[in-house]
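Asker: My structure is in upload_8.cif, and what it holds is mmCIF, C-alpha atoms and all ligand atoms:
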data_model
loop_
_atom_site.group_PDB
_atom_site.id
_atom_site.type_symbol
_atom_site.label_atom_id
_atom_site.label_comp_id
_atom_site.auth_asym_id
_atom_site.auth_seq_id
_atom_site.Cartn_x
_atom_site.Cartn_y
_atom_site.Cartn_z
ATOM 1 C CA MET A 1 13.441 -6.270 13.961
ATOM 2 C CA SER A 2 9.808 -6.712 14.939
ATOM 3 C CA ARG A 3 6.890 -6.103 12.648
ATOM 4 C CA ALA A 4 5.375 -2.634 12.688
ATOM 5 C CA ASP A 5 1.637 -2.348 13.107
ATOM 6 C CA GLY A 6 0.985 -1.063 9.623
ATOM 7 C CA VAL A 7 -0.441 2.399 9.825
ATOM 8 C CA ALA A 8 1.565 5.076 11.526
ATOM 9 C CA GLY A 9 1.135 8.809 11.716
ATOM 10 C CA THR A 10 -1.557 10.604 13.622
ATOM 11 C CA GLY A 11 -3.671 7.491 14.153
ATOM 12 C CA GLY A 12 -6.563 8.589 11.957
ATOM 13 C CA THR A 13 -7.837 7.096 8.714
ATOM 14 C CA PRO A 14 -4.894 6.503 6.368
ATOM 15 C CA GLU A 15 -4.561 8.560 3.190
ATOM 16 C CA PRO A 16 -6.005 6.860 0.093
ATOM 17 C CA VAL A 17 -3.450 4.931 -1.938
ATOM 18 C CA ASP A 18 -1.972 6.996 -4.778
ATOM 19 C CA TRP A 19 -1.804 4.235 -7.392
ATOM 20 C CA GLU A 20 -0.365 6.567 -10.038
ATOM 21 C CA ALA A 21 2.542 7.465 -7.745
ATOM 22 C CA LEU A 22 3.119 3.783 -7.073
ATOM 23 C CA LYS A 23 3.122 3.029 -10.789
ATOM 24 C CA ALA A 24 5.607 5.867 -11.389
ATOM 25 C CA ALA A 25 7.891 4.491 -8.673
ATOM 26 C CA ALA A 26 7.660 0.996 -10.173
ATOM 27 C CA LEU A 27 8.525 2.386 -13.610
ATOM 28 C CA ALA A 28 11.501 4.299 -12.220
ATOM 29 C CA ALA A 29 12.712 1.139 -10.464
ATOM 30 C CA MET A 30 12.279 -0.898 -13.645
ATOM 31 C CA HIS A 31 14.769 1.365 -15.433
ATOM 32 C CA ASN A 32 17.467 0.180 -13.000
ATOM 33 C CA ALA A 33 16.970 -3.500 -13.819
ATOM 34 C CA TYR A 34 20.013 -5.618 -14.664
ATOM 35 C CA VAL A 35 18.661 -8.048 -17.251
ATOM 36 C CA PRO A 36 21.382 -9.020 -19.733
ATOM 37 C CA TYR A 37 19.998 -12.583 -20.014
ATOM 38 C CA SER A 38 16.214 -12.329 -20.164
ATOM 39 C CA LYS A 39 16.051 -8.734 -21.396
ATOM 40 C CA PHE A 40 12.880 -8.598 -19.301
ATOM 41 C CA PRO A 41 13.135 -5.670 -16.888
ATOM 42 C CA VAL A 42 10.775 -5.568 -13.923
ATOM 43 C CA GLY A 43 10.115 -2.813 -11.412
ATOM 44 C CA ALA A 44 8.138 -3.115 -8.204
ATOM 45 C CA ALA A 45 7.018 -0.449 -5.762
ATOM 46 C CA ALA A 46 5.020 -0.469 -2.575
ATOM 47 C CA LEU A 47 3.555 1.924 -0.068
ATOM 48 C CA THR A 48 4.339 1.039 3.523
ATOM 49 C CA GLY A 49 1.988 1.332 6.457
ATOM 50 C CA ASP A 50 3.795 4.450 7.633
ATOM 51 C CA GLY A 51 3.674 6.131 4.217
ATOM 52 C CA ARG A 52 7.099 5.338 2.766
ATOM 53 C CA LEU A 53 7.618 4.293 -0.835
ATOM 54 C CA VAL A 54 9.898 1.293 -1.316
ATOM 55 C CA SER A 55 10.903 -0.214 -4.628
ATOM 56 C CA GLY A 56 13.126 -2.712 -6.369
ATOM 57 C CA CYS A 57 14.220 -4.031 -9.748
ATOM 58 C CA ASN A 58 15.278 -7.471 -10.920
ATOM 59 C CA VAL A 59 18.969 -8.293 -10.896
ATOM 60 C CA GLU A 60 20.030 -11.277 -12.973
ATOM 61 C CA ASN A 61 23.121 -13.458 -12.745
ATOM 62 C CA ALA A 62 25.240 -15.509 -15.123
ATOM 63 C CA SER A 63 24.157 -18.442 -12.975
ATOM 64 C CA TYR A 64 20.602 -17.936 -14.161
ATOM 65 C CA GLY A 65 18.838 -19.520 -11.209
ATOM 66 C CA LEU A 66 20.355 -16.984 -8.845
ATOM 67 C CA THR A 67 18.374 -14.148 -10.406
ATOM 68 C CA LEU A 68 16.819 -11.802 -7.884
ATOM 69 C CA CYS A 69 13.288 -10.724 -8.723
ATOM 70 C CA ALA A 70 12.295 -7.106 -8.325
ATOM 71 C CA GLU A 71 10.250 -8.033 -5.257
ATOM 72 C CA CYS A 72 13.378 -9.406 -3.548
ATOM 73 C CA ALA A 73 15.013 -6.010 -3.838
ATOM 74 C CA LEU A 74 11.792 -4.375 -2.667
ATOM 75 C CA VAL A 75 11.589 -6.337 0.576
ATOM 76 C CA GLY A 76 15.293 -5.658 1.153
ATOM 77 C CA ASN A 77 14.602 -1.974 0.631
ATOM 78 C CA LEU A 78 11.672 -2.226 3.054
ATOM 79 C CA HIS A 79 13.951 -3.473 5.796
ATOM 80 C CA MET A 80 16.843 -1.180 4.956
ATOM 81 C CA THR A 81 14.573 1.835 5.334
ATOM 82 C CA GLY A 82 12.882 0.994 8.602
ATOM 83 C CA GLY A 83 10.903 -2.223 8.136
ATOM 84 C CA GLY A 84 7.165 -2.265 8.685
ATOM 85 C CA GLN A 85 4.427 -3.608 6.484
ATOM 86 C CA LEU A 86 3.339 -3.304 2.866
ATOM 87 C CA ARG A 87 0.030 -1.562 2.303
ATOM 88 C CA ALA A 88 -0.165 -1.358 -1.487
ATOM 89 C CA PHE A 89 1.923 -2.947 -4.249
ATOM 90 C CA TYR A 90 2.469 -2.316 -7.970
ATOM 91 C CA CYS A 91 4.721 -4.216 -10.356
ATOM 92 C CA VAL A 92 5.471 -3.405 -14.002
ATOM 93 C CA ASP A 93 7.225 -5.023 -16.922
ATOM 94 C CA GLY A 94 9.462 -3.285 -19.441
ATOM 95 C CA SER A 95 6.474 -1.853 -21.301
ATOM 96 C CA GLY A 96 5.009 -0.405 -18.146
ATOM 97 C CA ASN A 97 2.213 -2.958 -18.038
ATOM 98 C CA VAL A 98 1.087 -4.423 -14.741
ATOM 99 C CA LEU A 99 2.957 -7.641 -14.023
ATOM 100 C CA MET A 100 1.710 -10.307 -11.650
ATOM 101 C CA PRO A 101 4.332 -11.288 -9.081
ATOM 102 C CA CYS A 102 5.662 -14.819 -9.524
ATOM 103 C CA GLY A 103 4.722 -17.459 -6.971
ATOM 104 C CA ARG A 104 7.897 -17.113 -4.923
ATOM 105 C CA CYS A 105 7.457 -13.373 -4.778
ATOM 106 C CA ARG A 106 3.837 -13.651 -3.659
ATOM 107 C CA GLN A 107 5.222 -15.571 -0.693
ATOM 108 C CA LEU A 108 7.848 -12.881 -0.052
ATOM 109 C CA LEU A 109 5.163 -10.199 -0.115
ATOM 110 C CA TYR A 110 2.870 -12.243 2.135
ATOM 111 C CA GLU A 111 5.428 -12.169 4.936
ATOM 112 C CA PHE A 112 5.347 -8.377 5.071
ATOM 113 C CA ARG A 113 1.697 -7.709 4.193
ATOM 114 C CA ALA A 114 -0.380 -5.252 6.116
ATOM 115 C CA PRO A 115 -3.686 -6.895 7.112
ATOM 116 C CA ASP A 116 -5.530 -5.030 4.356
ATOM 117 C CA MET A 117 -2.738 -5.010 1.760
ATOM 118 C CA GLU A 118 -3.845 -4.337 -1.804
ATOM 119 C CA LEU A 119 -2.073 -5.319 -5.025
ATOM 120 C CA MET A 120 -2.571 -3.894 -8.482
ATOM 121 C CA THR A 121 -3.144 -6.859 -10.791
ATOM 122 C CA THR A 122 -4.043 -7.388 -14.415
ATOM 123 C CA GLN A 123 -7.624 -7.780 -13.129
ATOM 124 C CA GLY A 124 -7.607 -4.624 -11.008
ATOM 125 C CA ILE A 125 -6.957 -4.238 -7.296
ATOM 126 C CA LYS A 126 -6.889 -7.472 -5.306
ATOM 127 C CA SER A 127 -6.122 -8.525 -1.762
ATOM 128 C CA MET A 128 -3.145 -10.640 -0.726
ATOM 129 C CA ASP A 129 -5.518 -13.517 0.051
ATOM 130 C CA GLN A 130 -6.827 -13.378 -3.503
ATOM 131 C CA VAL A 131 -3.383 -13.625 -5.077
ATOM 132 C CA LEU A 132 -2.040 -16.180 -2.575
ATOM 133 C CA PRO A 133 -4.942 -18.138 -1.094
ATOM 134 C CA ASP A 134 -4.392 -20.543 1.803
ATOM 135 C CA ALA A 135 -0.889 -19.159 2.255
ATOM 136 C CA PHE A 136 1.767 -20.547 4.529
ATOM 137 C CA GLY A 137 2.957 -17.848 6.880
ATOM 138 C CA PRO A 138 4.739 -17.104 10.143
ATOM 139 C CA GLU A 139 1.615 -18.032 12.097
ATOM 140 C CA HIS A 140 1.982 -21.670 11.023
ATOM 141 C CA LEU A 141 5.398 -21.902 12.638
ATOM 142 C CA GLU A 142 3.797 -21.084 15.970
ATOM 143 C CA GLU A 143 1.432 -24.090 15.757
ATOM 144 C CA THR A 144 4.111 -26.741 16.304
ATOM 145 C CA ARG A 145 6.033 -24.953 19.036
HETATM 146 N N1 LIG B 1 10.796 -11.361 -12.494
HETATM 147 C C1 LIG B 1 10.649 -10.488 -11.456
HETATM 148 O O1 LIG B 1 11.521 -9.647 -11.208
HETATM 149 N N2 LIG B 1 9.532 -10.585 -10.699
HETATM 150 C C2 LIG B 1 8.495 -11.442 -10.934
HETATM 151 O O2 LIG B 1 7.560 -11.503 -10.131
HETATM 152 C C3 LIG B 1 8.502 -12.253 -12.156
HETATM 153 C C4 LIG B 1 9.821 -12.373 -12.837
HETATM 154 C C5 LIG B 1 12.021 -11.294 -13.305
HETATM 155 C C6 LIG B 1 12.993 -12.402 -13.087
HETATM 156 C C7 LIG B 1 13.770 -12.398 -14.386
HETATM 157 O O3 LIG B 1 14.848 -11.465 -14.264
HETATM 158 C C8 LIG B 1 12.789 -11.886 -15.413
HETATM 159 O O4 LIG B 1 11.712 -11.320 -14.685
HETATM 160 C C9 LIG B 1 12.267 -12.952 -16.350
HETATM 161 O O5 LIG B 1 11.750 -14.022 -15.626
#
For the file at hand, write its structure as structure tokens.
Answerer:
Amino acid sequence: MSRADGVAGTGGTPEPVDWEALKAAALAAMHNAYVPYSKFPVGAAALTGDGRLVSGCNVENASYGLTLCAECALVGNLHMTGGGQLRAFYCVDGSGNVLMPCGRCRQLLYEFRAPDMELMTTQGIKSMDQVLPDAFGPEHLEETR
């Protein structure tokens, strides 16, 4: 499936990001978490370039290292519902506080970022480049071909 170009619809200026709706979706996702080992539920939600809401929760495993972070489920949900790019992202812990995505998940999000993707962080809204500077991405694979 190829990457979508980010902003769909009528082609005009995109609607402003509804951060409260994103937080609510992240909270709802968090309540589905399967966390018998860490007891640390996480919910993540994102707005896609074409206006969909996608979300995910963490799913742990008795083989601890196989745990799936909430962002893993989110990118799976992104592709299961039509693909495209992530425009805005919000992640919460079990108390509903903003949670910074772990390093691996920043890389997962980077792959599907819209060019101007924004993330809610503990320091306010940041860009993908701010949370994952000098990232490795699909463009680097092209360089050696
Ligand atoms: N976790 C996430 O779901 N996303 C993150 O970005 C950080 C960590 C989960 C994995 C594990 O189930 C729990 O939080 C404790 O590490």
Asker: Give me the residues within 7 Å of segment 127-140 of chain A as an MDAnalysis selection string, counting all atoms listed in the file and dropping any in the same chain fewer than 4 places off.
Answerer: chainID A and resid 106 110:111 117:119
Asker: Using only C-alpha atoms and all ligand atoms, which protein or nucleic acid residues are at most 8 Å from ligand LIG 1 (chain B), as a PDB file with C-alpha atoms, in the frame of the given file?
Answerer:
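Saved as selection-v1.pdb:
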ATOM      1  CA  TYR A  34      20.013  -5.618 -14.664  1.00  0.00           C
ATOM      2  CA  VAL A  35      18.661  -8.048 -17.251  1.00  0.00           C
ATOM      3  CA  TYR A  37      19.998 -12.583 -20.014  1.00  0.00           C
ATOM      4  CA  SER A  38      16.214 -12.329 -20.164  1.00  0.00           C
ATOM      5  CA  LYS A  39      16.051  -8.734 -21.396  1.00  0.00           C
ATOM      6  CA  PHE A  40      12.880  -8.598 -19.301  1.00  0.00           C
ATOM      7  CA  PRO A  41      13.135  -5.670 -16.888  1.00  0.00           C
ATOM      8  CA  VAL A  42      10.775  -5.568 -13.923  1.00  0.00           C
ATOM      9  CA  GLY A  43      10.115  -2.813 -11.412  1.00  0.00           C
ATOM     10  CA  ALA A  44       8.138  -3.115  -8.204  1.00  0.00           C
ATOM     11  CA  CYS A  57      14.220  -4.031  -9.748  1.00  0.00           C
ATOM     12  CA  ASN A  58      15.278  -7.471 -10.920  1.00  0.00           C
ATOM     13  CA  VAL A  59      18.969  -8.293 -10.896  1.00  0.00           C
ATOM     14  CA  GLU A  60      20.030 -11.277 -12.973  1.00  0.00           C
ATOM     15  CA  THR A  67      18.374 -14.148 -10.406  1.00  0.00           C
ATOM     16  CA  LEU A  68      16.819 -11.802  -7.884  1.00  0.00           C
ATOM     17  CA  CYS A  69      13.288 -10.724  -8.723  1.00  0.00           C
ATOM     18  CA  ALA A  70      12.295  -7.106  -8.325  1.00  0.00           C
ATOM     19  CA  GLU A  71      10.250  -8.033  -5.257  1.00  0.00           C
ATOM     20  CA  CYS A  72      13.378  -9.406  -3.548  1.00  0.00           C
ATOM     21  CA  CYS A  91       4.721  -4.216 -10.356  1.00  0.00           C
ATOM     22  CA  LEU A  99       2.957  -7.641 -14.023  1.00  0.00           C
ATOM     23  CA  MET A 100       1.710 -10.307 -11.650  1.00  0.00           C
ATOM     24  CA  PRO A 101       4.332 -11.288  -9.081  1.00  0.00           C
ATOM     25  CA  CYS A 102       5.662 -14.819  -9.524  1.00  0.00           C
ATOM     26  CA  GLY A 103       4.722 -17.459  -6.971  1.00  0.00           C
ATOM     27  CA  ARG A 104       7.897 -17.113  -4.923  1.00  0.00           C
ATOM     28  CA  CYS A 105       7.457 -13.373  -4.778  1.00  0.00           C
ATOM     29  CA  ARG A 106       3.837 -13.651  -3.659  1.00  0.00           C
TER      30      ARG A 106
END
Asker: Using only C-alpha atoms, determine which residues lie at most 9 Å from Leu47 of chain A, disregarding the query and same-chain residues fewer than 5 positions distant; provide the list as a list of chain:residue names.
Answerer: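 Near Leu47 of chain A, the qualifying residues are A:Val17, A:Asp18, A:Leu22, A:Arg52, A:Leu53, A:Val54, A:Ser55, A:Gln85, A:Leu86, A:Arg87, A:Ala88, A:Phe89.
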Asker: Could you check how far atom CA of Asp116 of chain A sits from atom CA of Gly12 of chain A, in Å to one decimal?
Answerer: 15.6 Å
Asker: With distances taken over only C-alpha atoms, which residue among A:Gln107, A:Thr13, A:Thr122, A:Ser95 lies nearest Ala26 of chain A?
Answerer: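 Distance minimum relative to Ala26 of chain A lands on A:Ser95.
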Asker: So how many Å separate atom CA of Gly94 of chain A and atom CA of Ala24 of chain A, to one decimal?
Answerer: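 That distance, rounded to one decimal, is 12.8 Å.
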Asker: For each of A:Leu27, A:Leu66, A:Leu78, A:Ala21, take the minimum atom-to-atom distance to Leu108 of chain A, counting all atoms listed in the file, then give the residue where this is smallest.
Answerer: A:Leu78
Asker: Have a look at atom CA of Asn61 of chain A and atom CA of Val75 of chain A and let me know their distance in Å, one decimal.
Answerer: 19.0 Å
Asker: Counting only C-alpha atoms, which residue out of A:Ser63, A:Asn97, A:Asn77, A:Thr48 sits closest to Pro115 of chain A?
Answerer: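 Closest candidate: A:Thr48.
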Asker: Go through A:Phe112, A:Tyr64, A:Tyr90, A:Trp19 one by one, measure the shortest atom-to-atom distance of each to Pro36 of chain A using all atoms listed in the file, and give the residue with the smallest value.
Answerer: A:Tyr64
Asker: Under the rule that only C-alpha atoms are counted, which of A:Gly56, A:Pro16, A:Gly65, A:Gly49 is the nearest residue to Val92 of chain A?
Answerer: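 The closest residue to Val92 of chain A is A:Gly56.
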